[in-house]
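File shown: query.txt (compact mmCIF, C-alpha atoms).
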# COMPACT_ATOMS: atom_id res chain seq x y z
CA MET A 1268 0.00 0.00 0.00
CA ALA A 1269 1.42 3.40 -0.99
CA PRO A 1270 2.29 5.75 1.92
CA THR A 1271 -0.15 8.54 2.66
CA PRO A 1272 1.13 11.77 1.05
CA ALA A 1273 1.59 14.90 3.12
CA VAL A 1274 -1.30 17.34 3.07
CA GLN A 1275 -0.67 21.08 3.17
CA PHE A 1276 -3.24 23.80 3.58
CA GLU A 1277 -3.62 27.40 4.69
CA ALA A 1278 -5.98 28.62 7.39
CA GLY A 1279 -6.99 31.94 8.87
CA ALA A 1280 -5.76 33.18 12.24
CA LEU A 1281 -6.34 30.40 14.74
CA VAL A 1282 -5.60 32.33 17.92
CA SER A 1283 -8.16 34.72 19.41
CA THR A 1284 -7.11 38.34 19.74
CA PRO A 1285 -7.38 39.66 23.33
CA SER A 1286 -10.14 42.27 23.58
CA GLN A 1287 -7.79 44.95 24.87
CA LEU A 1288 -5.61 44.56 21.81
CA GLN A 1289 -8.30 44.58 19.11
CA ARG A 1290 -7.49 48.11 17.99
CA ASN A 1291 -4.75 46.77 15.75
CA SER A 1292 -6.08 46.15 12.26
CA ALA A 1293 -3.05 44.66 10.52
CA THR A 1294 -2.82 40.92 11.06
CA LYS A 1295 -0.43 38.15 10.23
CA ARG A 1296 -1.70 35.06 8.43
CA ASP A 1297 -1.20 31.73 10.17
CA LYS A 1298 -0.08 28.87 7.98
CA THR A 1299 -0.51 25.33 9.30
CA VAL A 1300 1.35 22.42 7.73
CA VAL A 1301 0.01 18.95 8.51
CA ALA A 1302 2.18 15.99 7.51
CA ALA A 1303 1.45 12.27 7.49
CA TYR A 1304 2.59 12.27 11.12
CA PRO A 1305 0.62 14.01 13.92
CA ILE A 1306 2.76 17.16 13.86
CA SER A 1307 1.50 20.66 13.07
CA ILE A 1308 3.63 23.76 12.66
CA LYS A 1309 2.15 27.26 12.81
CA PHE A 1310 3.92 30.40 11.72
CA SER A 1311 3.02 33.89 10.59
CA THR A 1312 3.75 35.09 7.09
CA ASP A 1313 2.95 38.83 7.00
CA ILE A 1314 5.82 41.31 7.34
CA PRO A 1315 6.05 42.98 10.79
CA GLU A 1316 5.61 46.76 10.78
CA TYR A 1317 6.06 47.89 14.39
CA THR A 1318 5.28 47.06 18.01
CA GLU A 1319 3.20 49.36 20.20
CA CYS A 1320 4.63 49.14 23.72
CA ILE A 1321 2.94 49.99 27.02
CA LEU A 1322 4.98 49.80 30.25
CA GLU A 1323 3.06 50.17 33.54
CA ASN A 1324 4.67 50.59 36.96
CA PHE A 1325 2.22 49.83 39.77
CA SER A 1326 4.96 49.14 42.31
CA GLU A 1327 6.38 51.45 44.99
CA GLU A 1328 9.70 51.66 43.15
CA ASP A 1329 10.95 53.99 40.44
CA LEU A 1330 12.30 52.08 37.43
CA HIS A 1331 15.42 53.17 35.53
CA LEU A 1332 16.53 51.85 32.14
CA ASP A 1333 19.93 50.21 32.61
CA ASP A 1334 20.43 48.10 29.50
CA ARG A 1335 18.80 47.15 26.22
CA ILE A 1336 19.41 44.83 23.31
CA ILE A 1337 17.86 45.08 19.85
CA TRP A 1338 17.93 41.77 18.00
CA GLU A 1339 15.69 42.98 15.18
CA GLY A 1340 14.27 46.37 14.25
CA SER A 1341 15.12 50.04 14.51
CA LYS A 1342 18.27 50.88 16.46
CA SER A 1343 16.57 54.00 17.82
CA LYS A 1344 17.36 54.68 21.45
CA HIS A 1345 13.95 56.21 22.14
CA PHE A 1346 13.02 53.86 24.96
CA PRO A 1347 11.67 55.27 28.25
CA THR A 1348 14.65 55.97 30.51
CA GLU A 1349 12.53 56.22 33.65
CA ILE A 1350 9.13 54.92 34.75
CA PRO A 1351 8.22 56.56 38.08
CA LYS A 1352 6.06 54.60 40.51
CA GLY A 1353 2.39 54.79 39.66
CA GLU A 1354 3.03 55.89 36.08
CA MET A 1355 3.11 54.35 32.61
CA ARG A 1356 5.02 54.94 29.40
CA GLU A 1357 4.05 54.28 25.78
CA PHE A 1358 6.27 54.10 22.72
CA LYS A 1359 6.50 52.46 19.32
CA HIS A 1360 9.36 50.30 18.10
CA GLU A 1361 9.60 50.15 14.32
CA ALA A 1362 10.71 47.17 12.28
CA ASP A 1363 13.78 48.04 10.19
CA PHE A 1364 13.01 47.40 6.53
CA GLY A 1365 16.63 48.09 5.61
CA CYS A 1366 17.84 44.96 7.37
CA PRO A 1367 17.96 41.43 5.91
CA VAL A 1368 15.60 40.30 8.70
CA VAL A 1369 12.55 42.52 9.19
CA GLY A 1370 11.12 42.49 12.68
CA SER A 1371 10.80 44.11 16.09
CA VAL A 1372 12.62 41.94 18.64
CA VAL A 1373 13.92 43.72 21.74
CA GLY A 1374 14.98 43.17 25.34
CA LEU A 1375 14.91 45.89 28.03
CA GLU A 1376 16.34 45.93 31.56
CA TYR A 1377 15.07 48.29 34.26
CA VAL A 1378 16.77 48.48 37.66
CA PHE A 1379 15.14 49.30 41.00
CA GLY A 1380 15.58 48.92 44.74
CA GLU A 1381 18.40 49.94 47.06
CA GLY A 1382 21.61 50.13 45.08
CA ASN A 1383 19.68 49.08 41.95
CA LYS A 1384 20.15 45.48 43.03
CA TYR A 1385 16.99 44.22 41.31
CA LYS A 1386 16.34 44.10 37.58
CA TRP A 1387 13.07 43.90 35.65
CA ILE A 1388 13.61 42.13 32.34
CA ILE A 1389 11.07 42.39 29.52
CA ALA A 1390 11.46 41.07 25.98
CA TRP A 1391 9.21 40.80 22.96
CA SER A 1392 9.37 39.29 19.49
CA ASN A 1393 7.39 40.50 16.46
CA SER A 1394 9.28 38.66 13.75
CA LYS A 1395 8.46 37.44 10.26
CA ASN A 1396 7.24 33.85 9.89
CA GLU A 1397 6.63 33.51 13.64
CA LEU A 1398 3.81 34.17 16.07
CA ASN A 1399 4.48 37.12 18.38
CA LYS A 1400 5.98 36.26 21.78
CA VAL A 1401 6.92 37.86 25.09
CA TYR A 1402 9.13 36.92 28.04
CA THR A 1403 9.84 38.44 31.45
CA GLU A 1404 11.86 37.76 34.57
CA ILE A 1405 13.03 39.53 37.74
CA ILE A 1406 16.64 39.02 38.78
CA GLU A 1407 18.84 40.09 41.69
CA ASP A 1408 22.54 40.95 41.88
CA GLU A 1409 23.41 39.41 38.53
CA VAL A 1410 24.12 40.47 34.98
CA ALA A 1411 21.33 39.80 32.49
CA ASP A 1412 22.23 36.87 30.24
CA TRP A 1413 20.76 38.10 26.95
CA ASP A 1414 21.57 34.89 25.08
CA LYS A 1415 19.62 32.89 27.65
CA ILE A 1416 16.80 35.44 27.64
CA LYS A 1417 16.58 35.23 23.85
CA LEU A 1418 16.26 31.44 24.02
CA SER A 1419 13.53 31.75 26.66
CA LEU A 1420 11.74 34.29 24.47
CA GLU A 1421 11.81 31.94 21.49
CA LYS A 1422 10.24 29.18 23.62
CA SER A 1423 7.62 31.46 25.16
CA GLY A 1424 4.16 32.49 23.95
CA GLN A 1425 1.83 35.49 23.96
CA HIS A 1426 1.75 35.72 27.78
CA SER A 1427 4.56 35.61 30.35
CA VAL A 1428 4.59 36.05 34.14
CA ALA A 1429 7.42 36.27 36.69
CA GLU A 1430 7.24 36.66 40.47
CA LYS A 1431 10.14 37.37 42.82
CA HIS A 1432 10.86 39.38 46.00
CA GLN A 1433 7.18 40.36 46.38
CA PHE A 1434 7.13 41.78 42.86
CA LEU A 1435 5.09 40.55 39.90
CA SER A 1436 5.79 41.10 36.21
CA GLU A 1437 3.22 40.25 33.55
CA ILE A 1438 3.44 40.75 29.78
CA VAL A 1439 0.93 40.08 27.01
CA ILE A 1440 1.03 40.57 23.23
CA ASP A 1441 -1.34 40.02 20.32
CA PRO A 1442 -0.02 36.77 18.81
CA THR A 1443 -0.87 37.39 15.15
CA SER A 1444 -0.83 41.13 14.45
CA ALA A 1445 1.88 42.71 12.30
CA THR A 1446 1.40 45.84 14.45
CA PRO A 1447 0.77 44.29 17.88
CA THR A 1448 0.44 45.96 21.25
CA MET A 1449 2.83 44.65 23.90
CA LYS A 1450 1.71 45.49 27.43
CA ALA A 1451 4.09 44.94 30.36
CA THR A 1452 2.95 45.52 33.94
CA PHE A 1453 5.17 45.64 37.03
CA LYS A 1454 3.39 45.31 40.39
CA LEU A 1455 4.09 45.08 44.09
CA LEU A 1456 2.60 42.08 45.84
CA LEU A 1457 1.26 42.14 49.40
CA LEU A 1458 0.86 39.17 51.69
CA VAL A 1459 -2.74 38.63 52.80
CA ASP A 1460 -3.28 35.54 54.97
CA ASP A 1461 0.14 34.31 53.81
CA LYS A 1462 -0.96 34.55 50.19
CA PRO A 1463 0.37 37.12 47.72
CA THR A 1464 -2.10 39.55 46.21
CA SER A 1465 -1.52 42.35 43.73
CA THR A 1466 -1.74 45.96 44.86
CA SER A 1467 -3.57 46.86 41.63
CA LYS A 1468 -5.46 45.35 38.74
CA ALA A 1469 -3.98 44.85 35.28
Hey, can you dump this file as structure tokens for me?
Amino acid sequence: MAPTPAVQFEAGALVSTPSQLQRNSATKRDKTVVAAYPISIKFSTDIPEYTECILENFSEEDLHLDDRIIWEGSKSKHFPTEIPKGEMREFKHEADFGCPVVGSVVGLEYVFGEGNKYKWIIAWSNSKNELNKVYTEIIEDEVADWDKIKLSLEKSGQHSVAEKHQFLSEIVIDPTSATPTMKATFKLLLLVDDKPTSTSKA
């Protein structure tokens, strides 16, 4: 009996867009490839344009930009240098159409606490032929390992959460838009009946 040939087809976006991110009209197409084996691969095919970024600081600490890395996209240095407690910052990171790889893939490091001993790491990926992804972590007294962070970003999804030292970081991104909104929120946690609870709502 002849082996079953591979079947390939295209489908529309298979991941729901979060309601708070529906203002973006440009979308990436998802392509699903189904082989004779039970394996499916999804990737986006539209060219990224830019990433709308929202950074919220609901902690009791002022955040200061200490480092950044731009894997793909504009080399502009127009990232928020400070995010005072209780405030938010918005900016747009453009994909660089003059580069061989067009995308918006960035990592940012904000320091806080006494002696700037703590670091808030946020990273996002809006890259061609891939679904959009985000990754976050909170580290203490160590240098950010950007290679490791990049690998974690590649393995992540549209939502990432990190909790450490009574702080919570949460990031979300539209998974299929070519002009997605990336929203990162940094919060202080309080202990109520020995259970952590956020000081504010996302």
statement: Of A:Thr1452, A:Ser1427, A:Asn1396, A:Thr1348, the one nearest to Val1368 (chain A) when counting all atoms listed in the file is A:Asn1396
Between region 1379-1455 of chain A and region 1312-1322 of chain A, at 12 Å or less, what are the per-residue closest atom pairs and their distances in Å? Count only C-alpha atoms, order by chain and rising residue number, and return it as JSON lines.
{"residue": "A:Trp1387", "atom": "CA", "partner": "A:Leu1322", "partner_atom": "CA", "distance": 11.4}
{"residue": "A:Ile1388", "atom": "CA", "partner": "A:Leu1322", "partner_atom": "CA", "distance": 11.7}
{"residue": "A:Ile1389", "atom": "CA", "partner": "A:Leu1322", "partner_atom": "CA", "distance": 9.6}
{"residue": "A:Ala1390", "atom": "CA", "partner": "A:Cys1320", "partner_atom": "CA", "distance": 10.8}
{"residue": "A:Trp1391", "atom": "CA", "partner": "A:Thr1318", "partner_atom": "CA", "distance": 8.9}
{"residue": "A:Ser1392", "atom": "CA", "partner": "A:Thr1318", "partner_atom": "CA", "distance": 8.9}
{"residue": "A:Asn1393", "atom": "CA", "partner": "A:Pro1315", "partner_atom": "CA", "distance": 6.3}
{"residue": "A:Ser1394", "atom": "CA", "partner": "A:Pro1315", "partner_atom": "CA", "distance": 6.2}
{"residue": "A:Lys1395", "atom": "CA", "partner": "A:Ile1314", "partner_atom": "CA", "distance": 5.5}
{"residue": "A:Asn1396", "atom": "CA", "partner": "A:Thr1312", "partner_atom": "CA", "distance": 4.6}
{"residue": "A:Glu1397", "atom": "CA", "partner": "A:Thr1312", "partner_atom": "CA", "distance": 7.3}
{"residue": "A:Leu1398", "atom": "CA", "partner": "A:Thr1312", "partner_atom": "CA", "distance": 9.0}
{"residue": "A:Asn1399", "atom": "CA", "partner": "A:Pro1315", "partner_atom": "CA", "distance": 9.7}
{"residue": "A:Lys1400", "atom": "CA", "partner": "A:Thr1318", "partner_atom": "CA", "distance": 11.5}
{"residue": "A:Val1401", "atom": "CA", "partner": "A:Cys1320", "partner_atom": "CA", "distance": 11.6}
{"residue": "A:Ser1436", "atom": "CA", "partner": "A:Leu1322", "partner_atom": "CA", "distance": 10.6}
{"residue": "A:Glu1437", "atom": "CA", "partner": "A:Leu1322", "partner_atom": "CA", "distance": 10.3}
{"residue": "A:Ile1438", "atom": "CA", "partner": "A:Leu1322", "partner_atom": "CA", "distance": 9.2}
{"residue": "A:Val1439", "atom": "CA", "partner": "A:Ile1321", "partner_atom": "CA", "distance": 10.1}
{"residue": "A:Ile1440", "atom": "CA", "partner": "A:Cys1320", "partner_atom": "CA", "distance": 9.3}
{"residue": "A:Asp1441", "atom": "CA", "partner": "A:Thr1318", "partner_atom": "CA", "distance": 9.9}
{"residue": "A:Pro1442", "atom": "CA", "partner": "A:Thr1318", "partner_atom": "CA", "distance": 11.6}
{"residue": "A:Thr1443", "atom": "CA", "partner": "A:Asp1313", "partner_atom": "CA", "distance": 9.1}
{"residue": "A:Ser1444", "atom": "CA", "partner": "A:Pro1315", "partner_atom": "CA", "distance": 8.0}
{"residue": "A:Ala1445", "atom": "CA", "partner": "A:Pro1315", "partner_atom": "CA", "distance": 4.4}
{"residue": "A:Thr1446", "atom": "CA", "partner": "A:Tyr1317", "partner_atom": "CA", "distance": 5.1}
{"residue": "A:Pro1447", "atom": "CA", "partner": "A:Thr1318", "partner_atom": "CA", "distance": 5.3}
{"residue": "A:Thr1448", "atom": "CA", "partner": "A:Glu1319", "partner_atom": "CA", "distance": 4.5}
{"residue": "A:Met1449", "atom": "CA", "partner": "A:Cys1320", "partner_atom": "CA", "distance": 4.8}
{"residue": "A:Lys1450", "atom": "CA", "partner": "A:Ile1321", "partner_atom": "CA", "distance": 4.7}
{"residue": "A:Ala1451", "atom": "CA", "partner": "A:Leu1322", "partner_atom": "CA", "distance": 4.9}
{"residue": "A:Thr1452", "atom": "CA", "partner": "A:Leu1322", "partner_atom": "CA", "distance": 6.0}
{"residue": "A:Phe1453", "atom": "CA", "partner": "A:Leu1322", "partner_atom": "CA", "distance": 8.0}
{"residue": "A:Lys1454", "atom": "CA", "partner": "A:Leu1322", "partner_atom": "CA", "distance": 11.2}
- prompt: Of the candidates A:Val1410, A:Val1378, A:Leu1455, A:Ile1405, which shows the shortest atom-to-atom distance to Ala1429 (chain A), using all atoms listed in the file?
  reply: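 Distance minimum relative to Ala1429 (chain A) lands on A:Ile1405.
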Contact residues around Pro1347 (chain A) with all atoms listed in the file at 10 Å, ignoring same-chain residues under 5 positions, as number ranges by chain: A: 1322, 1330-1332, 1355-1358, 1375, 1377
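As for CA of Phe1434 (chain A) and CA of Ile1337 (chain A), they are spaced 25.6 Å apart.
The neighbours of Ala1411 (chain A) here are the residues that come within 9 Å of it, using all atoms listed in the file and leaving out any residue fewer than 2 positions away in the same chain; they are A:Asp1334, A:Glu1376, A:Lys1386, A:Ile1388, A:Ile1406, A:Glu1409, A:Trp1413, A:Asp1414, A:Lys1415, A:Ile1416.
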- request: For CA of Glu1323 (chain A) and CA of Lys1352 (chain A), quote the distance in Å rounded to one decimal.
  value: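 Here the two named atoms are 8.8 Å from each other.
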Incomplete region 1369-1388 of chain A filled out to N, CA and C atoms as a PDB file, in the frame of the given file:
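Ended up saving to part_9.pdb:
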ATOM      1  N   VAL A1369      13.467  41.454   8.801  1.00  0.00           N
ATOM      2  CA  VAL A1369      12.550  42.520   9.190  1.00  0.00           C
ATOM      3  C   VAL A1369      11.749  42.078  10.414  1.00  0.00           C
ATOM      4  N   GLY A1370      11.857  42.844  11.485  1.00  0.00           N
ATOM      5  CA  GLY A1370      11.120  42.490  12.680  1.00  0.00           C
ATOM      6  C   GLY A1370      11.332  43.510  13.782  1.00  0.00           C
ATOM      7  N   SER A1371      10.647  43.298  14.888  1.00  0.00           N
ATOM      8  CA  SER A1371      10.800  44.110  16.090  1.00  0.00           C
ATOM      9  C   SER A1371      11.004  43.136  17.245  1.00  0.00           C
ATOM     10  N   VAL A1372      12.265  42.902  17.598  1.00  0.00           N
ATOM     11  CA  VAL A1372      12.620  41.940  18.640  1.00  0.00           C
ATOM     12  C   VAL A1372      13.597  42.621  19.590  1.00  0.00           C
ATOM     13  N   VAL A1373      13.163  42.864  20.822  1.00  0.00           N
ATOM     14  CA  VAL A1373      13.920  43.720  21.740  1.00  0.00           C
ATOM     15  C   VAL A1373      13.883  43.168  23.162  1.00  0.00           C
ATOM     16  N   GLY A1374      14.945  43.453  23.920  1.00  0.00           N
ATOM     17  CA  GLY A1374      14.980  43.170  25.340  1.00  0.00           C
ATOM     18  C   GLY A1374      15.350  44.429  26.111  1.00  0.00           C
ATOM     19  N   LEU A1375      14.642  44.716  27.205  1.00  0.00           N
ATOM     20  CA  LEU A1375      14.910  45.890  28.030  1.00  0.00           C
ATOM     21  C   LEU A1375      15.156  45.460  29.474  1.00  0.00           C
ATOM     22  N   GLU A1376      16.037  46.197  30.150  1.00  0.00           N
ATOM     23  CA  GLU A1376      16.340  45.930  31.560  1.00  0.00           C
ATOM     24  C   GLU A1376      16.173  47.208  32.370  1.00  0.00           C
ATOM     25  N   TYR A1377      15.276  47.164  33.349  1.00  0.00           N
ATOM     26  CA  TYR A1377      15.070  48.290  34.260  1.00  0.00           C
ATOM     27  C   TYR A1377      15.525  47.892  35.653  1.00  0.00           C
ATOM     28  N   VAL A1378      16.272  48.773  36.320  1.00  0.00           N
ATOM     29  CA  VAL A1378      16.770  48.480  37.660  1.00  0.00           C
ATOM     30  C   VAL A1378      15.931  49.224  38.695  1.00  0.00           C
ATOM     31  N   PHE A1379      15.901  48.677  39.917  1.00  0.00           N
ATOM     32  CA  PHE A1379      15.140  49.300  41.000  1.00  0.00           C
ATOM     33  C   PHE A1379      15.658  48.757  42.330  1.00  0.00           C
ATOM     34  N   GLY A1380      15.180  49.360  43.407  1.00  0.00           N
ATOM     35  CA  GLY A1380      15.580  48.920  44.740  1.00  0.00           C
ATOM     36  C   GLY A1380      16.857  49.586  45.211  1.00  0.00           C
ATOM     37  N   GLU A1381      17.202  49.354  46.470  1.00  0.00           N
ATOM     38  CA  GLU A1381      18.400  49.940  47.060  1.00  0.00           C
ATOM     39  C   GLU A1381      19.648  49.488  46.311  1.00  0.00           C
ATOM     40  N   GLY A1382      20.410  50.460  45.837  1.00  0.00           N
ATOM     41  CA  GLY A1382      21.610  50.130  45.080  1.00  0.00           C
ATOM     42  C   GLY A1382      21.327  49.532  43.725  1.00  0.00           C
ATOM     43  N   ASN A1383      20.081  49.662  43.254  1.00  0.00           N
ATOM     44  CA  ASN A1383      19.680  49.080  41.950  1.00  0.00           C
ATOM     45  C   ASN A1383      20.019  47.595  41.872  1.00  0.00           C
ATOM     46  N   LYS A1384      19.775  46.888  42.967  1.00  0.00           N
ATOM     47  CA  LYS A1384      20.150  45.480  43.030  1.00  0.00           C
ATOM     48  C   LYS A1384      19.189  44.559  42.275  1.00  0.00           C
ATOM     49  N   TYR A1385      17.969  45.046  42.021  1.00  0.00           N
ATOM     50  CA  TYR A1385      16.990  44.220  41.310  1.00  0.00           C
ATOM     51  C   TYR A1385      16.835  44.703  39.873  1.00  0.00           C
ATOM     52  N   LYS A1386      16.495  43.764  38.991  1.00  0.00           N
ATOM     53  CA  LYS A1386      16.340  44.100  37.580  1.00  0.00           C
ATOM     54  C   LYS A1386      15.051  43.500  37.025  1.00  0.00           C
ATOM     55  N   TRP A1387      14.301  44.330  36.325  1.00  0.00           N
ATOM     56  CA  TRP A1387      13.070  43.900  35.650  1.00  0.00           C
ATOM     57  C   TRP A1387      13.406  43.708  34.177  1.00  0.00           C
ATOM     58  N   ILE A1388      13.279  42.485  33.717  1.00  0.00           N
ATOM     59  CA  ILE A1388      13.610  42.130  32.340  1.00  0.00           C
ATOM     60  C   ILE A1388      12.314  41.924  31.553  1.00  0.00           C
TER      61      ILE A1388
END
